[in-house]
>>> print(open('my_file27.json').read())   # JSON, C-alpha atoms
[["chain", "number", "residue", "atom", "x", "y", "z"],
["A", 1, "ALA", "CA", 8.08, 18.56, -1.33],
["A", 2, "PRO", "CA", 5.62, 17.26, -3.99],
["A", 3, "GLU", "CA", 5.89, 20.57, -5.87],
["A", 4, "ARG", "CA", 9.69, 20.48, -5.73],
["A", 5, "ARG", "CA", 9.72, 16.85, -6.90],
["A", 6, "ALA", "CA", 7.42, 17.71, -9.80],
["A", 7, "ALA", "CA", 9.67, 20.63, -10.76],
["A", 8, "VAL", "CA", 12.77, 18.41, -10.79],
["A", 9, "ARG", "CA", 11.02, 15.80, -12.93],
["A", 10, "GLU", "CA", 9.76, 18.46, -15.33],
["A", 11, "TYR", "CA", 13.31, 19.81, -15.70],
["A", 12, "LEU", "CA", 14.58, 16.30, -16.52],
["A", 13, "ARG", "CA", 11.88, 15.72, -19.16],
["A", 14, "GLY", "CA", 13.40, 14.44, -22.41],
["A", 15, "LYS", "CA", 16.84, 13.83, -20.89],
["A", 16, "LYS", "CA", 18.67, 10.52, -21.27],
["A", 17, "CYS", "CA", 18.65, 8.13, -18.33],
["A", 18, "TYR", "CA", 19.40, 4.55, -17.31],
["A", 19, "GLY", "CA", 17.00, 2.47, -15.23],
["A", 20, "GLY", "CA", 17.32, -0.07, -12.45],
["A", 21, "LEU", "CA", 14.45, -2.27, -11.24],
["A", 22, "ASP", "CA", 14.64, -4.34, -8.05],
["A", 23, "LEU", "CA", 11.58, -6.59, -7.79],
["A", 24, "SER", "CA", 10.04, -8.20, -4.71],
["A", 25, "THR", "CA", 6.76, -9.85, -3.87],
["A", 26, "THR", "CA", 5.96, -9.53, -0.16],
["A", 27, "THR", "CA", 8.10, -8.08, 2.65],
["A", 28, "ASP", "CA", 10.65, -6.15, 0.60],
["A", 29, "LEU", "CA", 9.98, -3.05, -1.43],
["A", 30, "THR", "CA", 9.92, -3.17, -5.21],
["A", 31, "ALA", "CA", 11.91, -0.20, -6.47],
["A", 32, "LEU", "CA", 12.63, 1.64, -9.71],
["A", 33, "ALA", "CA", 15.50, 4.11, -10.06],
["A", 34, "LEU", "CA", 16.17, 6.33, -13.06],
["A", 35, "LEU", "CA", 19.73, 7.64, -13.24],
["A", 36, "PHE", "CA", 20.51, 10.67, -15.40],
["A", 37, "PRO", "CA", 24.16, 11.20, -16.41],
["A", 38, "PRO", "CA", 25.64, 14.65, -17.00],
["A", 39, "GLN", "CA", 24.43, 15.96, -20.38],
["A", 40, "ALA", "CA", 23.28, 19.19, -21.98],
["A", 41, "GLY", "CA", 21.55, 21.19, -19.25],
["A", 42, "LEU", "CA", 22.68, 18.81, -16.48],
["A", 43, "GLU", "CA", 26.05, 19.23, -14.78],
["A", 44, "SER", "CA", 25.88, 16.33, -12.32],
["A", 45, "TRP", "CA", 24.26, 12.91, -12.04],
["A", 46, "VAL", "CA", 20.66, 12.86, -10.79],
["A", 47, "VAL", "CA", 18.60, 9.89, -9.58],
["A", 48, "LEU", "CA", 14.81, 9.61, -9.26],
["A", 49, "PHE", "CA", 12.95, 6.90, -7.32],
["A", 50, "TRP", "CA", 9.66, 4.99, -7.35],
["A", 51, "ALA", "CA", 8.75, 2.21, -4.89],
["A", 52, "TRP", "CA", 5.89, -0.17, -4.11],
["A", 53, "ARG", "CA", 4.92, -2.50, -1.26],
["A", 54, "PRO", "CA", 1.78, -4.55, -0.51],
["A", 55, "GLU", "CA", -0.96, -2.68, 1.35],
["A", 56, "ASP", "CA", -1.90, -5.74, 3.42],
["A", 57, "GLY", "CA", 0.32, -6.04, 6.47],
["A", 58, "THR", "CA", 1.46, -2.40, 6.32],
["A", 59, "LEU", "CA", 0.75, -1.79, 10.01],
["A", 60, "GLU", "CA", 2.77, -4.88, 11.00],
["A", 61, "ALA", "CA", 5.55, -3.81, 8.61],
["A", 62, "GLU", "CA", 5.64, -0.35, 10.21],
["A", 63, "GLN", "CA", 6.06, -1.95, 13.63],
["A", 64, "ARG", "CA", 8.71, -4.37, 12.34],
["A", 65, "ASP", "CA", 10.73, -1.88, 10.31],
["A", 66, "HIS", "CA", 10.03, 1.15, 12.56],
["A", 67, "VAL", "CA", 9.12, 3.40, 9.63],
["A", 68, "PRO", "CA", 5.87, 5.15, 8.55],
["A", 69, "TYR", "CA", 5.03, 3.43, 5.26],
["A", 70, "ARG", "CA", 1.51, 4.91, 5.16],
["A", 71, "ASP", "CA", 2.83, 8.46, 5.67],
["A", 72, "TRP", "CA", 5.42, 7.85, 2.96],
["A", 73, "ALA", "CA", 2.66, 6.69, 0.61],
["A", 74, "ARG", "CA", 0.65, 9.84, 1.33],
["A", 75, "ALA", "CA", 3.77, 11.92, 0.64],
["A", 76, "GLY", "CA", 4.29, 10.16, -2.71],
["A", 77, "PHE", "CA", 7.56, 8.46, -1.75],
["A", 78, "LEU", "CA", 6.11, 5.00, -2.47],
["A", 79, "GLU", "CA", 2.85, 3.32, -3.51],
["A", 80, "LEU", "CA", 0.82, 0.73, -1.60],
["A", 81, "CYS", "CA", -0.49, -2.09, -3.81],
["A", 82, "PRO", "CA", -3.90, -3.56, -2.90],
["A", 83, "GLY", "CA", -3.56, -7.10, -1.52],
["A", 84, "ASP", "CA", -0.67, -9.02, -0.03],
["A", 85, "MET", "CA", 1.75, -8.92, -2.99],
["A", 86, "VAL", "CA", 3.30, -6.21, -5.13],
["A", 87, "ASP", "CA", 1.24, -5.82, -8.30],
["A", 88, "PHE", "CA", 3.77, -6.08, -11.13],
["A", 89, "SER", "CA", 1.24, -4.61, -13.56],
["A", 90, "MET", "CA", 1.44, -1.33, -11.57],
["A", 91, "VAL", "CA", 5.22, -1.48, -11.91],
["A", 92, "GLU", "CA", 4.94, -2.21, -15.64],
["A", 93, "GLU", "CA", 2.59, 0.74, -16.20],
["A", 94, "THR", "CA", 4.92, 3.11, -14.33],
["A", 95, "VAL", "CA", 7.97, 1.99, -16.31],
["A", 96, "ALA", "CA", 6.03, 2.32, -19.56],
["A", 97, "ALA", "CA", 4.78, 5.78, -18.56],
["A", 98, "VAL", "CA", 8.17, 7.22, -17.62],
["A", 99, "ALA", "CA", 9.75, 5.73, -20.75],
["A", 100, "ALA", "CA", 7.04, 6.99, -23.11],
["A", 101, "ALA", "CA", 9.43, 7.98, -25.90],
["A", 102, "VAL", "CA", 11.09, 11.32, -25.06],
["A", 103, "ASP", "CA", 7.78, 12.88, -24.05],
["A", 104, "VAL", "CA", 8.77, 11.96, -20.50],
["A", 105, "PHE", "CA", 12.31, 10.60, -20.06],
["A", 106, "ASP", "CA", 14.67, 9.20, -22.68],
["A", 107, "LEU", "CA", 15.24, 5.76, -21.13],
["A", 108, "ASP", "CA", 18.28, 4.20, -22.79],
["A", 109, "THR", "CA", 18.13, 0.79, -21.07],
["A", 110, "LEU", "CA", 16.45, -0.73, -18.02],
["A", 111, "GLY", "CA", 18.48, -3.14, -15.88],
["A", 112, "VAL", "CA", 16.61, -5.85, -13.99],
["A", 113, "ASP", "CA", 17.46, -8.51, -11.44],
["A", 114, "PRO", "CA", 16.95, -11.82, -13.33],
["A", 115, "TYR", "CA", 15.57, -13.52, -10.21],
["A", 116, "LEU", "CA", 11.99, -12.22, -10.34],
["A", 117, "SER", "CA", 11.88, -10.47, -13.69],
["A", 118, "ARG", "CA", 11.20, -13.40, -16.04],
["A", 119, "THR", "CA", 7.49, -12.61, -16.28],
["A", 120, "LEU", "CA", 7.84, -8.83, -16.39],
["A", 121, "THR", "CA", 10.75, -8.54, -18.84],
["A", 122, "PRO", "CA", 8.88, -9.91, -21.91],
["A", 123, "ARG", "CA", 5.97, -7.57, -21.20],
["A", 124, "LEU", "CA", 8.30, -4.57, -21.02],
["A", 125, "MET", "CA", 10.10, -5.61, -24.20],
["A", 126, "GLU", "CA", 6.74, -5.86, -25.98],
["A", 127, "ARG", "CA", 6.39, -2.16, -25.14],
["A", 128, "HIS", "CA", 9.76, -1.54, -26.85],
["A", 129, "ILE", "CA", 11.60, -0.86, -23.59],
["A", 130, "PRO", "CA", 15.21, -2.13, -23.85],
["A", 131, "VAL", "CA", 15.83, -4.48, -20.91],
["A", 132, "ILE", "CA", 19.04, -6.19, -19.82],
["A", 133, "GLU", "CA", 19.58, -8.56, -16.92],
["A", 134, "VAL", "CA", 22.03, -7.48, -14.22],
["A", 135, "PRO", "CA", 22.81, -10.48, -11.98],
["A", 136, "GLN", "CA", 23.11, -9.61, -8.30],
["A", 137, "ASP", "CA", 26.72, -10.71, -7.87],
["A", 138, "MET", "CA", 30.09, -9.10, -7.12],
["A", 139, "LYS", "CA", 31.16, -8.95, -10.76],
["A", 140, "ASN", "CA", 28.11, -6.96, -11.84],
["A", 141, "LEU", "CA", 27.44, -4.81, -8.76],
["A", 142, "SER", "CA", 30.86, -3.94, -7.31],
["A", 143, "PRO", "CA", 32.04, -1.51, -10.04],
["A", 144, "ALA", "CA", 28.66, 0.22, -9.99],
["A", 145, "MET", "CA", 28.56, 0.52, -6.20],
["A", 146, "LYS", "CA", 32.10, 1.91, -6.08],
["A", 147, "GLU", "CA", 31.37, 4.41, -8.85],
["A", 148, "ALA", "CA", 28.17, 5.58, -7.12],
["A", 149, "GLU", "CA", 30.12, 6.05, -3.87],
["A", 150, "ARG", "CA", 32.85, 7.98, -5.70],
["A", 151, "LEU", "CA", 30.31, 10.33, -7.29],
["A", 152, "ILE", "CA", 28.57, 10.92, -3.94],
["A", 153, "ARG", "CA", 31.87, 11.75, -2.22],
["A", 154, "ALA", "CA", 32.76, 14.11, -5.09],
["A", 155, "HIS", "CA", 29.34, 15.83, -4.72],
["A", 156, "GLN", "CA", 28.52, 14.86, -8.31],
["A", 157, "MET", "CA", 25.42, 12.76, -7.52],
["A", 158, "LEU", "CA", 22.12, 14.40, -6.63],
["A", 159, "HIS", "CA", 18.85, 12.67, -5.70],
["A", 160, "GLU", "CA", 15.34, 14.00, -5.36],
["A", 161, "HIS", "CA", 13.96, 14.31, -1.85],
["A", 162, "ASN", "CA", 12.61, 10.89, -0.85],
["A", 163, "THR", "CA", 12.64, 9.87, 2.81],
["A", 164, "ALA", "CA", 12.04, 6.20, 1.96],
["A", 165, "ALA", "CA", 15.09, 6.18, -0.32],
["A", 166, "ARG", "CA", 17.20, 7.89, 2.33],
["A", 167, "TRP", "CA", 16.13, 5.20, 4.84],
["A", 168, "CYS", "CA", 17.18, 2.48, 2.36],
["A", 169, "PHE", "CA", 20.61, 4.14, 1.92],
["A", 170, "GLY", "CA", 21.21, 4.04, 5.66],
["A", 171, "ASN", "CA", 20.26, 0.36, 5.92],
["A", 172, "VAL", "CA", 22.83, -1.00, 3.45],
["A", 173, "ARG", "CA", 25.45, -3.43, 4.68],
["A", 174, "CYS", "CA", 28.03, -4.78, 2.26],
["A", 175, "ALA", "CA", 29.78, -8.05, 1.57],
["A", 176, "VAL", "CA", 33.48, -7.68, 0.69],
["A", 177, "ASP", "CA", 35.60, -10.34, -0.99],
["A", 178, "GLY", "CA", 39.38, -10.87, -0.96],
["A", 179, "ASN", "CA", 39.83, -8.50, -3.91],
["A", 180, "GLU", "CA", 37.90, -5.70, -2.18],
["A", 181, "ASN", "CA", 34.89, -6.14, -4.44],
["A", 182, "ILE", "CA", 31.67, -5.10, -2.72],
["A", 183, "LYS", "CA", 27.94, -5.74, -3.06],
["A", 184, "PRO", "CA", 24.91, -4.89, -0.94],
["A", 185, "MET", "CA", 23.65, -7.78, 1.19],
["A", 186, "LYS", "CA", 19.91, -7.93, 1.92],
["A", 187, "ASN", "CA", 20.35, -10.67, 4.51],
["A", 188, "ARG", "CA", 22.90, -8.60, 6.48],
["A", 189, "SER", "CA", 21.15, -5.27, 6.20],
["A", 190, "THR", "CA", 18.69, -4.00, 8.80],
["A", 191, "GLY", "CA", 15.46, -2.92, 7.17],
["A", 192, "ARG", "CA", 14.85, -2.65, 3.45],
["A", 193, "ILE", "CA", 17.56, -1.63, 0.96],
["A", 194, "ASP", "CA", 15.67, -2.13, -2.32],
["A", 195, "MET", "CA", 15.67, 1.50, -3.49],
["A", 196, "THR", "CA", 19.45, 1.57, -3.12],
["A", 197, "VAL", "CA", 19.79, -1.72, -5.02],
["A", 198, "ALA", "CA", 17.69, -0.31, -7.89],
["A", 199, "TRP", "CA", 20.01, 2.71, -7.98],
["A", 200, "ILE", "CA", 23.12, 0.47, -8.11],
["A", 201, "ILE", "CA", 21.55, -1.59, -10.93],
["A", 202, "ALA", "CA", 20.93, 1.66, -12.85],
["A", 203, "MET", "CA", 24.58, 2.64, -12.34],
["A", 204, "ALA", "CA", 25.66, -0.80, -13.59],
["A", 205, "VAL", "CA", 23.62, -0.17, -16.75],
["A", 206, "ALA", "CA", 25.20, 3.29, -17.14],
["A", 207, "LEU", "CA", 28.70, 1.75, -16.91],
["A", 208, "LEU", "CA", 27.77, -0.86, -19.52],
["A", 209, "ALA", "CA", 26.48, 1.89, -21.80],
["A", 210, "ALA", "CA", 29.68, 3.91, -21.36],
["A", 211, "ALA", "CA", 31.69, 0.87, -22.46],
["A", 212, "ARG", "CA", 29.63, 0.41, -25.65],
["A", 213, "PRO", "CA", 31.43, 1.36, -28.85],
["A", 214, "PRO", "CA", 29.90, 4.49, -30.40],
["A", 215, "ASP", "CA", 27.32, 3.91, -33.15]]
>>> encode(input="my_file27.json", output="structure tokens")
Amino acid sequence: APERRAAVREYLRGKKCYGGLDLSTTTDLTALALLFPPQAGLESWVVLFWAWRPEDGTLEAEQRDHVPYRDWARAGFLELCPGDMVDFSMVEETVAAVAAAVDVFDLDTLGVDPYLSRTLTPRLMERHIPVIEVPQDMKNLSPAMKEAERLIRAHQMLHEHNTAARWCFGNVRCAVDGNENIKPMKNRSTGRIDMTVAWIIAMAVALLAAARPPD
């Protein structure tokens, strides 16, 4: 699996993508998703994932969530941060590394949840990474979630092999309003859903980019 993941990432080198970052501090995962739209050399959408959680309390978290976080870390599906909180500097360095001009990926814009990103956003912008806030409400998340679901059903959305991300997909429970708008609900979902939320934020950014007038 690591070799296959490396091959996929090498193939995507230099290609345009949109990012989504869902930040946490303690029990949840912090997650980064990069979403690549169809473009030259790429027929369908592709999403890549990174995730972090605190190393302290991992054993208790495995018993609570019934998943093997330490095995996932060894497999490269997520990283364990020393201490009892997610180290945002590790997140910052990863974002900066994957967005290092087009030597790695051509990151158009990174979407972030405003709630925890106030300290990280200025640091990313100092590194010339375009960041926009994507509030976690129906208006901002429903179109993106519906479009992601449509692409999955049409077999036009691929994701790299990541068991932690697949677990997050299966945990999602949605809130629905009277107009059939939807959004993922962390307080109704069983287990963590953060990697899915990062993916939906990235799709929201992609939709915003598609609506931009051409230069």
>>> residues_near_point(input="my_file27.json", point="(15.9, -5.9, -11.4)", cutoff="8 Å", atoms="all atoms listed in the file", output="list in words")
Gly20, Leu21, Asp22, Leu23, Gly111, Val112, Asp113, Pro114, Tyr115, Leu116, Ser117, Glu133, Val134, Ala198 and Ile201 of chain A
>>> residues_near_point(input="my_file27.json", point="(15.5, 11.7, -7.9)", cutoff="8 Å", atoms="all atoms listed in the file", output="list in words")
Arg5, Val8, Arg9, Ala33, Leu34, Leu35, Val46, Val47, Leu48, Phe49, Leu158, His159, Glu160, His161 and Asn162 of chain A
>>> write_last_selection(input="my_file27.json", atoms="C-alpha atoms", output="mmCIF file, in the frame of the given file")
data_model
loop_
_atom_site.group_PDB
_atom_site.id
_atom_site.type_symbol
_atom_site.label_atom_id
_atom_site.label_comp_id
_atom_site.auth_asym_id
_atom_site.auth_seq_id
_atom_site.Cartn_x
_atom_site.Cartn_y
_atom_site.Cartn_z
ATOM 1 C CA ARG A 5 9.720 16.850 -6.900
ATOM 2 C CA VAL A 8 12.770 18.410 -10.790
ATOM 3 C CA ARG A 9 11.020 15.800 -12.930
ATOM 4 C CA ALA A 33 15.500 4.110 -10.060
ATOM 5 C CA LEU A 34 16.170 6.330 -13.060
ATOM 6 C CA LEU A 35 19.730 7.640 -13.240
ATOM 7 C CA VAL A 46 20.660 12.860 -10.790
ATOM 8 C CA VAL A 47 18.600 9.890 -9.580
ATOM 9 C CA LEU A 48 14.810 9.610 -9.260
ATOM 10 C CA PHE A 49 12.950 6.900 -7.320
ATOM 11 C CA LEU A 158 22.120 14.400 -6.630
ATOM 12 C CA HIS A 159 18.850 12.670 -5.700
ATOM 13 C CA GLU A 160 15.340 14.000 -5.360
ATOM 14 C CA HIS A 161 13.960 14.310 -1.850
ATOM 15 C CA ASN A 162 12.610 10.890 -0.850
#
>>> closest_residue(input="my_file27.json", among="A:Lys186, A:Pro37, A:Glu3, A:Asn181", to="A:Asp106", atoms="only C-alpha atoms")
A:Pro37
>>> residues_around(input="my_file27.json", residues="A:Thr190", least_positions_apart="6", cutoff="10 Å", atoms="only C-alpha atoms", output="JSON, numbers by chain")
{"A": [65, 168, 170, 171, 172, 173]}
>>> residues_around(input="my_file27.json", residues="A:Phe105", least_positions_apart="2", cutoff="10 Å", atoms="only C-alpha atoms", output="ChimeraX atom specification")
/A:9-10,12-18,34,36,97-103,107-108
>>> residues_around(input="my_file27.json", residues="stretch 142-153 of chain A", least_positions_apart="6", cutoff="8 Å", atoms="all atoms listed in the file", output="compact mmCIF listing (two decimals) with C-alpha atoms, in the coordinates of the input")
# COMPACT_ATOMS: atom_id res chain seq x y z
CA ASN A 181 34.89 -6.14 -4.44
CA ILE A 182 31.67 -5.10 -2.72
CA LYS A 183 27.94 -5.74 -3.06
CA ILE A 200 23.12 0.47 -8.11
CA ILE A 201 21.55 -1.59 -10.93
CA MET A 203 24.58 2.64 -12.34
CA ALA A 204 25.66 -0.80 -13.59
CA LEU A 207 28.70 1.75 -16.91
>>> residues_around(input="my_file27.json", residues="A:Ser24", least_positions_apart="2", cutoff="10 Å", atoms="all atoms listed in the file", output="VMD selection string")
chain A and resid 21 to 22 26 to 31 52 to 54 85 to 88 115 to 117 194
>>> closest_residue(input="my_file27.json", among="A:Met138, A:Leu32, A:Ala51, A:Ala202", to="A:Glu180", atoms="only C-alpha atoms")
A:Met138
>>> atom_distance(input="my_file27.json", atom1="atom CA of A:Pro184", atom2="atom CA of A:Phe169")
10.4 Å
>>> atom_distance(input="my_file27.json", atom1="atom CA of A:Ile193", atom2="atom CA of A:Thr163")
12.6 Å
>>> closest_residue(input="my_file27.json", among="A:Leu110, A:Leu124, A:Met185, A:Ala164", to="A:Ala206", atoms="all atoms listed in the file")
A:Leu110
>>> atom_distance(input="my_file27.json", atom1="atom CA of A:Trp50", atom2="atom CA of A:Arg118")
20.4 Å
>>> closest_residue(input="my_file27.json", among="A:Gln39, A:Pro214, A:Thr25, A:Ile129", to="A:Cys81", atoms="all atoms listed in the file")
A:Thr25
>>> axis_aligned_box(input="my_file27.json", around="stretch 67-78 of chain A", padding_each_side="3 Å", output="lines of an AutoDock Vina configuration file")
center_x = 4.9
center_y = 7.7
center_z = 3.5
size_x = 14.5
size_y = 14.5
size_z = 18.3
>>> closest_residue(input="my_file27.json", among="A:Glu60, A:Val131, A:Trp167, A:Tyr69", to="A:Val205", atoms="only C-alpha atoms")
A:Val131
>>> closest_residue(input="my_file27.json", among="A:Gly76, A:Gln63, A:Thr119, A:Gly19", to="A:Ala96", atoms="all atoms listed in the file")
A:Gly19
>>> decode(input="my_file27.json", residues="stretch 15-38 of chain A", atoms="N, CA and C atoms", output="short mmCIF file (atom, residue, chain, number, x, y, z; two decimals), in the first residue's frame")
data_model
loop_
_atom_site.label_atom_id
_atom_site.label_comp_id
_atom_site.auth_asym_id
_atom_site.auth_seq_id
_atom_site.Cartn_x
_atom_site.Cartn_y
_atom_site.Cartn_z
N LYS A 15 -0.11 18.74 -10.56
CA LYS A 15 -1.50 18.94 -10.98
C LYS A 15 -2.25 19.85 -10.00
N LYS A 16 -3.22 20.56 -10.55
CA LYS A 16 -4.00 21.52 -9.75
C LYS A 16 -4.90 20.80 -8.77
N CYS A 17 -5.01 21.36 -7.56
CA CYS A 17 -5.90 20.77 -6.55
C CYS A 17 -6.45 21.87 -5.65
N TYR A 18 -7.46 21.48 -4.89
CA TYR A 18 -8.09 22.34 -3.88
C TYR A 18 -7.98 21.63 -2.53
N GLY A 19 -7.74 22.39 -1.48
CA GLY A 19 -7.51 21.80 -0.17
C GLY A 19 -8.62 22.06 0.82
N GLY A 20 -8.76 21.14 1.75
CA GLY A 20 -9.67 21.31 2.88
C GLY A 20 -8.97 20.90 4.15
N LEU A 21 -9.07 21.72 5.19
CA LEU A 21 -8.38 21.46 6.46
C LEU A 21 -9.39 21.53 7.59
N ASP A 22 -9.54 20.40 8.31
CA ASP A 22 -10.46 20.34 9.45
C ASP A 22 -9.59 20.17 10.70
N LEU A 23 -9.55 21.21 11.53
CA LEU A 23 -8.64 21.24 12.68
C LEU A 23 -9.33 20.76 13.96
N SER A 24 -8.54 20.14 14.84
CA SER A 24 -9.02 19.72 16.15
C SER A 24 -7.88 19.92 17.13
N THR A 25 -8.14 19.67 18.39
CA THR A 25 -7.05 19.77 19.36
C THR A 25 -6.83 18.46 20.11
N THR A 26 -7.90 17.80 20.53
CA THR A 26 -7.69 16.64 21.42
C THR A 26 -8.31 15.35 20.87
N THR A 27 -9.61 15.12 21.08
CA THR A 27 -10.16 13.79 20.78
C THR A 27 -10.39 13.57 19.30
N ASP A 28 -10.71 14.60 18.54
CA ASP A 28 -10.95 14.42 17.11
C ASP A 28 -9.63 14.34 16.36
N LEU A 29 -9.72 13.88 15.11
CA LEU A 29 -8.58 13.95 14.22
C LEU A 29 -8.49 15.34 13.61
N THR A 30 -7.29 15.78 13.31
CA THR A 30 -7.10 16.92 12.41
C THR A 30 -6.83 16.33 11.04
N ALA A 31 -7.47 16.86 10.01
CA ALA A 31 -7.37 16.22 8.69
C ALA A 31 -7.16 17.24 7.59
N LEU A 32 -6.37 16.84 6.60
CA LEU A 32 -6.14 17.62 5.39
C LEU A 32 -6.54 16.75 4.20
N ALA A 33 -7.33 17.31 3.30
CA ALA A 33 -7.68 16.63 2.05
C ALA A 33 -7.26 17.52 0.89
N LEU A 34 -6.66 16.92 -0.12
CA LEU A 34 -6.38 17.61 -1.37
C LEU A 34 -7.22 16.96 -2.46
N LEU A 35 -8.00 17.78 -3.15
CA LEU A 35 -8.97 17.30 -4.14
C LEU A 35 -8.55 17.79 -5.53
N PHE A 36 -8.29 16.83 -6.42
CA PHE A 36 -7.82 17.13 -7.77
C PHE A 36 -8.97 17.00 -8.76
N PRO A 37 -9.34 18.06 -9.46
CA PRO A 37 -10.41 17.96 -10.45
C PRO A 37 -9.88 17.33 -11.74
N PRO A 38 -10.79 16.87 -12.61
CA PRO A 38 -10.34 16.39 -13.92
C PRO A 38 -9.54 17.48 -14.64
#
